[in-house]
$ cat upload.cif   # mmCIF, N, CA, C and O atoms and all ligand atoms
data_coords
#
loop_
_atom_site.label_atom_id
_atom_site.label_comp_id
_atom_site.auth_asym_id
_atom_site.auth_seq_id
_atom_site.Cartn_x
_atom_site.Cartn_y
_atom_site.Cartn_z
N MET I 179 -59.14 -21.36 -58.30
CA MET I 179 -59.17 -22.81 -58.11
C MET I 179 -59.27 -23.13 -56.62
O MET I 179 -58.32 -22.96 -55.85
N ALA I 180 -60.38 -23.59 -56.20
CA ALA I 180 -60.54 -23.94 -54.79
C ALA I 180 -60.36 -25.44 -54.61
O ALA I 180 -60.83 -26.25 -55.42
N HIS I 181 -59.66 -25.76 -53.56
CA HIS I 181 -59.48 -27.18 -53.25
C HIS I 181 -60.15 -27.48 -51.91
O HIS I 181 -59.51 -27.89 -50.96
N GLY I 182 -61.40 -27.20 -51.87
CA GLY I 182 -62.12 -27.31 -50.61
C GLY I 182 -62.11 -28.68 -50.01
O GLY I 182 -62.19 -28.82 -48.80
N LYS I 183 -61.98 -29.68 -50.82
CA LYS I 183 -62.05 -31.04 -50.29
C LYS I 183 -60.68 -31.61 -49.96
O LYS I 183 -60.57 -32.73 -49.51
N SER I 184 -59.65 -30.81 -50.22
CA SER I 184 -58.31 -31.30 -49.93
C SER I 184 -57.88 -30.93 -48.53
O SER I 184 -58.00 -29.78 -48.12
N GLN I 185 -57.38 -31.90 -47.83
CA GLN I 185 -56.86 -31.68 -46.49
C GLN I 185 -55.35 -31.81 -46.56
O GLN I 185 -54.83 -32.82 -47.01
N PHE I 186 -54.67 -30.77 -46.14
CA PHE I 186 -53.21 -30.83 -46.15
C PHE I 186 -52.72 -31.44 -44.84
O PHE I 186 -53.29 -31.22 -43.79
N CYS I 187 -51.68 -32.19 -44.98
CA CYS I 187 -51.13 -32.81 -43.77
C CYS I 187 -49.62 -32.88 -43.90
O CYS I 187 -49.07 -32.90 -44.99
N VAL I 188 -48.98 -32.90 -42.75
CA VAL I 188 -47.53 -33.01 -42.73
C VAL I 188 -47.15 -34.32 -42.07
O VAL I 188 -47.85 -34.83 -41.20
N TRP I 189 -46.04 -34.86 -42.54
CA TRP I 189 -45.51 -36.10 -41.98
C TRP I 189 -44.25 -35.76 -41.21
O TRP I 189 -43.32 -35.20 -41.77
N ARG I 190 -44.25 -36.10 -39.95
CA ARG I 190 -43.10 -35.77 -39.10
C ARG I 190 -42.37 -37.03 -38.67
O ARG I 190 -42.98 -38.03 -38.31
N CYS I 191 -41.07 -36.91 -38.67
CA CYS I 191 -40.24 -37.98 -38.16
C CYS I 191 -40.52 -38.14 -36.66
O CYS I 191 -40.57 -37.16 -35.93
N THR I 192 -40.71 -39.36 -36.24
CA THR I 192 -41.00 -39.59 -34.81
C THR I 192 -39.73 -39.56 -33.97
O THR I 192 -39.79 -39.61 -32.76
N LYS I 193 -38.60 -39.47 -34.62
CA LYS I 193 -37.34 -39.42 -33.87
C LYS I 193 -36.86 -37.99 -33.67
O LYS I 193 -36.52 -37.58 -32.57
N CYS I 194 -36.81 -37.22 -34.76
CA CYS I 194 -36.28 -35.86 -34.65
C CYS I 194 -37.36 -34.80 -34.84
O CYS I 194 -37.10 -33.61 -34.73
N ASN I 195 -38.56 -35.24 -35.13
CA ASN I 195 -39.72 -34.35 -35.25
C ASN I 195 -39.64 -33.41 -36.45
O ASN I 195 -40.37 -32.44 -36.55
N LYS I 196 -38.74 -33.69 -37.35
CA LYS I 196 -38.61 -32.88 -38.55
C LYS I 196 -39.72 -33.23 -39.54
O LYS I 196 -40.12 -34.40 -39.63
N VAL I 197 -40.19 -32.23 -40.27
CA VAL I 197 -41.21 -32.48 -41.28
C VAL I 197 -40.54 -33.15 -42.48
O VAL I 197 -39.60 -32.62 -43.06
N LEU I 198 -41.03 -34.31 -42.82
CA LEU I 198 -40.44 -35.08 -43.92
C LEU I 198 -41.16 -34.82 -45.23
O LEU I 198 -40.55 -34.81 -46.30
N LYS I 199 -42.44 -34.62 -45.12
CA LYS I 199 -43.21 -34.51 -46.35
C LYS I 199 -44.52 -33.79 -46.06
O LYS I 199 -45.06 -33.91 -44.95
N THR I 200 -44.98 -33.04 -47.04
CA THR I 200 -46.30 -32.43 -46.93
C THR I 200 -47.15 -32.96 -48.06
O THR I 200 -46.73 -32.98 -49.22
N THR I 201 -48.31 -33.43 -47.71
CA THR I 201 -49.18 -34.01 -48.74
C THR I 201 -50.59 -33.44 -48.59
O THR I 201 -50.92 -32.81 -47.59
N ALA I 202 -51.37 -33.70 -49.59
CA ALA I 202 -52.78 -33.34 -49.52
C ALA I 202 -53.59 -34.57 -49.87
O ALA I 202 -53.17 -35.38 -50.69
N TYR I 203 -54.69 -34.72 -49.22
CA TYR I 203 -55.55 -35.85 -49.55
C TYR I 203 -56.99 -35.40 -49.52
O TYR I 203 -57.34 -34.36 -48.97
N ASN I 204 -57.81 -36.19 -50.13
CA ASN I 204 -59.23 -35.89 -50.18
C ASN I 204 -59.89 -36.29 -48.88
O ASN I 204 -59.77 -37.41 -48.43
N LYS I 205 -60.57 -35.34 -48.27
CA LYS I 205 -61.21 -35.60 -46.98
C LYS I 205 -62.17 -36.79 -47.04
O LYS I 205 -62.37 -37.48 -46.06
N GLN I 206 -62.76 -36.96 -48.19
CA GLN I 206 -63.75 -38.03 -48.32
C GLN I 206 -63.11 -39.41 -48.22
O GLN I 206 -63.77 -40.39 -47.95
N ASN I 207 -61.80 -39.44 -48.44
CA ASN I 207 -61.10 -40.72 -48.37
C ASN I 207 -60.31 -40.84 -47.07
O ASN I 207 -59.36 -41.59 -46.99
N LYS I 208 -60.71 -40.08 -46.09
CA LYS I 208 -59.94 -40.01 -44.86
C LYS I 208 -59.75 -41.40 -44.22
O LYS I 208 -58.73 -41.67 -43.59
N GLU I 209 -60.73 -42.23 -44.38
CA GLU I 209 -60.66 -43.56 -43.77
C GLU I 209 -59.49 -44.37 -44.32
O GLU I 209 -58.95 -45.22 -43.62
N THR I 210 -59.14 -44.11 -45.55
CA THR I 210 -58.18 -44.98 -46.21
C THR I 210 -56.74 -44.51 -46.05
O THR I 210 -55.82 -45.23 -46.38
N ILE I 211 -56.55 -43.29 -45.56
CA ILE I 211 -55.18 -42.78 -45.47
C ILE I 211 -54.55 -43.22 -44.15
O ILE I 211 -55.20 -43.24 -43.11
N ALA I 212 -53.31 -43.59 -44.24
CA ALA I 212 -52.60 -44.07 -43.05
C ALA I 212 -52.23 -42.91 -42.14
O ALA I 212 -52.12 -41.77 -42.58
N THR I 213 -52.06 -43.22 -40.88
CA THR I 213 -51.63 -42.19 -39.94
C THR I 213 -50.14 -42.33 -39.63
O THR I 213 -49.55 -41.47 -39.04
N GLU I 214 -49.60 -43.44 -40.05
CA GLU I 214 -48.17 -43.65 -39.82
C GLU I 214 -47.59 -44.40 -41.01
O GLU I 214 -48.17 -45.36 -41.51
N LEU I 215 -46.44 -43.91 -41.47
CA LEU I 215 -45.78 -44.52 -42.62
C LEU I 215 -44.29 -44.56 -42.37
O LEU I 215 -43.75 -43.72 -41.67
N LYS I 216 -43.66 -45.50 -42.99
CA LYS I 216 -42.20 -45.54 -42.96
C LYS I 216 -41.68 -44.60 -44.03
O LYS I 216 -42.05 -44.70 -45.19
N MET I 217 -40.81 -43.70 -43.61
CA MET I 217 -40.19 -42.77 -44.55
C MET I 217 -38.71 -42.64 -44.24
O MET I 217 -38.28 -42.92 -43.13
N PHE I 218 -38.00 -42.15 -45.25
CA PHE I 218 -36.58 -41.92 -45.02
C PHE I 218 -36.38 -40.51 -44.49
O PHE I 218 -36.85 -39.53 -45.08
N CYS I 219 -35.71 -40.41 -43.35
CA CYS I 219 -35.44 -39.10 -42.77
C CYS I 219 -33.99 -38.73 -43.07
O CYS I 219 -33.07 -39.48 -42.75
N ASN I 220 -33.80 -37.55 -43.68
CA ASN I 220 -32.46 -37.12 -44.03
C ASN I 220 -31.64 -36.73 -42.80
O ASN I 220 -30.41 -36.75 -42.84
N SER I 221 -32.32 -36.36 -41.75
CA SER I 221 -31.61 -35.99 -40.53
C SER I 221 -31.13 -37.22 -39.77
O SER I 221 -30.00 -37.28 -39.30
N CYS I 222 -32.03 -38.20 -39.65
CA CYS I 222 -31.66 -39.43 -38.95
C CYS I 222 -30.89 -40.37 -39.87
O CYS I 222 -30.23 -41.28 -39.41
N ARG I 223 -31.00 -40.13 -41.17
CA ARG I 223 -30.32 -40.94 -42.18
C ARG I 223 -30.74 -42.41 -42.08
O ARG I 223 -29.91 -43.32 -42.17
N GLU I 224 -32.01 -42.60 -41.87
CA GLU I 224 -32.54 -43.96 -41.85
C GLU I 224 -34.05 -43.93 -42.07
O GLU I 224 -34.67 -42.87 -42.01
N GLN I 225 -34.59 -45.10 -42.27
CA GLN I 225 -36.03 -45.23 -42.37
C GLN I 225 -36.63 -45.08 -40.99
O GLN I 225 -36.22 -45.74 -40.04
N VAL I 226 -37.58 -44.19 -40.88
CA VAL I 226 -38.21 -43.95 -39.58
C VAL I 226 -39.72 -43.98 -39.75
O VAL I 226 -40.24 -43.75 -40.84
N PRO I 227 -40.43 -44.26 -38.67
CA PRO I 227 -41.88 -44.12 -38.73
C PRO I 227 -42.25 -42.64 -38.71
O PRO I 227 -41.76 -41.89 -37.86
N ALA I 228 -43.04 -42.23 -39.65
CA ALA I 228 -43.48 -40.83 -39.71
C ALA I 228 -44.96 -40.76 -39.37
O ALA I 228 -45.76 -41.57 -39.82
N LYS I 229 -45.29 -39.78 -38.58
CA LYS I 229 -46.68 -39.62 -38.15
C LYS I 229 -47.34 -38.49 -38.94
O LYS I 229 -46.75 -37.43 -39.15
N ARG I 230 -48.53 -38.74 -39.33
CA ARG I 230 -49.28 -37.73 -40.07
C ARG I 230 -49.96 -36.76 -39.11
O ARG I 230 -50.50 -37.16 -38.10
N LYS I 231 -49.89 -35.48 -39.47
CA LYS I 231 -50.64 -34.49 -38.71
C LYS I 231 -51.33 -33.57 -39.68
O LYS I 231 -50.69 -33.00 -40.56
N ASP I 232 -52.61 -33.44 -39.53
CA ASP I 232 -53.36 -32.59 -40.43
C ASP I 232 -53.07 -31.12 -40.16
O ASP I 232 -53.02 -30.70 -39.02
N ALA I 233 -52.86 -30.40 -41.24
CA ALA I 233 -52.60 -28.96 -41.10
C ALA I 233 -53.92 -28.22 -41.04
O ALA I 233 -54.91 -28.61 -41.65
N LYS I 234 -53.88 -27.15 -40.29
CA LYS I 234 -55.09 -26.34 -40.21
C LYS I 234 -55.19 -25.46 -41.44
O LYS I 234 -54.19 -25.08 -42.04
N LYS I 235 -56.39 -25.10 -41.75
CA LYS I 235 -56.62 -24.22 -42.88
C LYS I 235 -56.05 -22.84 -42.59
O LYS I 235 -56.25 -22.29 -41.52
N SER I 236 -55.34 -22.31 -43.55
CA SER I 236 -54.80 -20.97 -43.40
C SER I 236 -55.44 -20.07 -44.43
O SER I 236 -54.96 -19.92 -45.54
N SER I 237 -56.54 -19.50 -44.07
CA SER I 237 -57.23 -18.63 -45.03
C SER I 237 -57.64 -17.30 -44.42
O SER I 237 -57.41 -17.04 -43.29
ZN ZN T 1 -35.57 -37.85 -38.23
#
$ encode --input "upload.cif" --output "C-alpha cells"
Amino acid sequence: MAHGKSQFCVWRCTKCNKVLKTTAYNKQNKETIATELKMFCNSCREQVPAKRKDAKKSS
C-alpha cells in the first residue's frame, strides 16, 4: 500500500516545542491546509498555537 500522495506533518507547540500531533494530508490539497492551529498542549496545559511542519520522507 503506497501513500505517495500523502504528506506527513507534525504539529509543534509554539511554547514548548513539543510535538502535539502527527497528521497526514493529501499534497494536492496543500493550499487548503492550515499552517497554524490552536491545539491543547499537555505540557503547557492550555490551548496554544501549534505550527505545522512537514516531515521528510523516510524511505
Ligand atoms: Zn506546549
$ atom_distance --input "upload.cif" --atom1 "atom N of Arg190 in chain I" --atom2 "atom C of Leu215 in chain I"
8.8 Å
$ closest_residue --input "upload.cif" --among "I:Ala233, I:Cys187, I:Val197, I:Ala202" --to "Cys219 in chain I" --atoms "only C-alpha atoms"
I:Val197
$ residues_near_ligand --input "upload.cif" --ligand "ligand ZN 1 (chain T)" --cutoff "7 Å" --atoms "only C-alpha atoms and all ligand atoms" --output "PyMOL selection string"
chain I and resi 191-196+219-222+226
$ residues_around --input "upload.cif" --residues "Val188 in chain I" --least-positions-apart "6" --cutoff "5 Å" --atoms "all atoms listed in the file" --output "PyMOL selection string"
chain I and resi 199-200+229-233
$ atom_distance --input "upload.cif" --atom1 "CA of Gln206 in chain I" --atom2 "CA of Phe218 in chain I"
27.6 Å
$ atom_distance --input "upload.cif" --atom1 "atom N of Lys205 in chain I" --atom2 "atom O of Ser184 in chain I"
6.1 Å
$ axis_aligned_box --input "upload.cif" --around "range 199-206 of chain I" --padding-each-side "6 Å" --output "lines of an AutoDock Vina configuration file"
center_x = -53.1
center_y = -36.4
center_z = -47.8
size_x = 33.3
size_y = 20.0
size_z = 17.7
$ select_by_dssp --input "upload.cif" --residues "chain I" --states "helix (DSSP H, G or I)" --output "list in words"
Lys205, Gln206, Asn207, Lys208, Glu209 and Thr210 of chain I
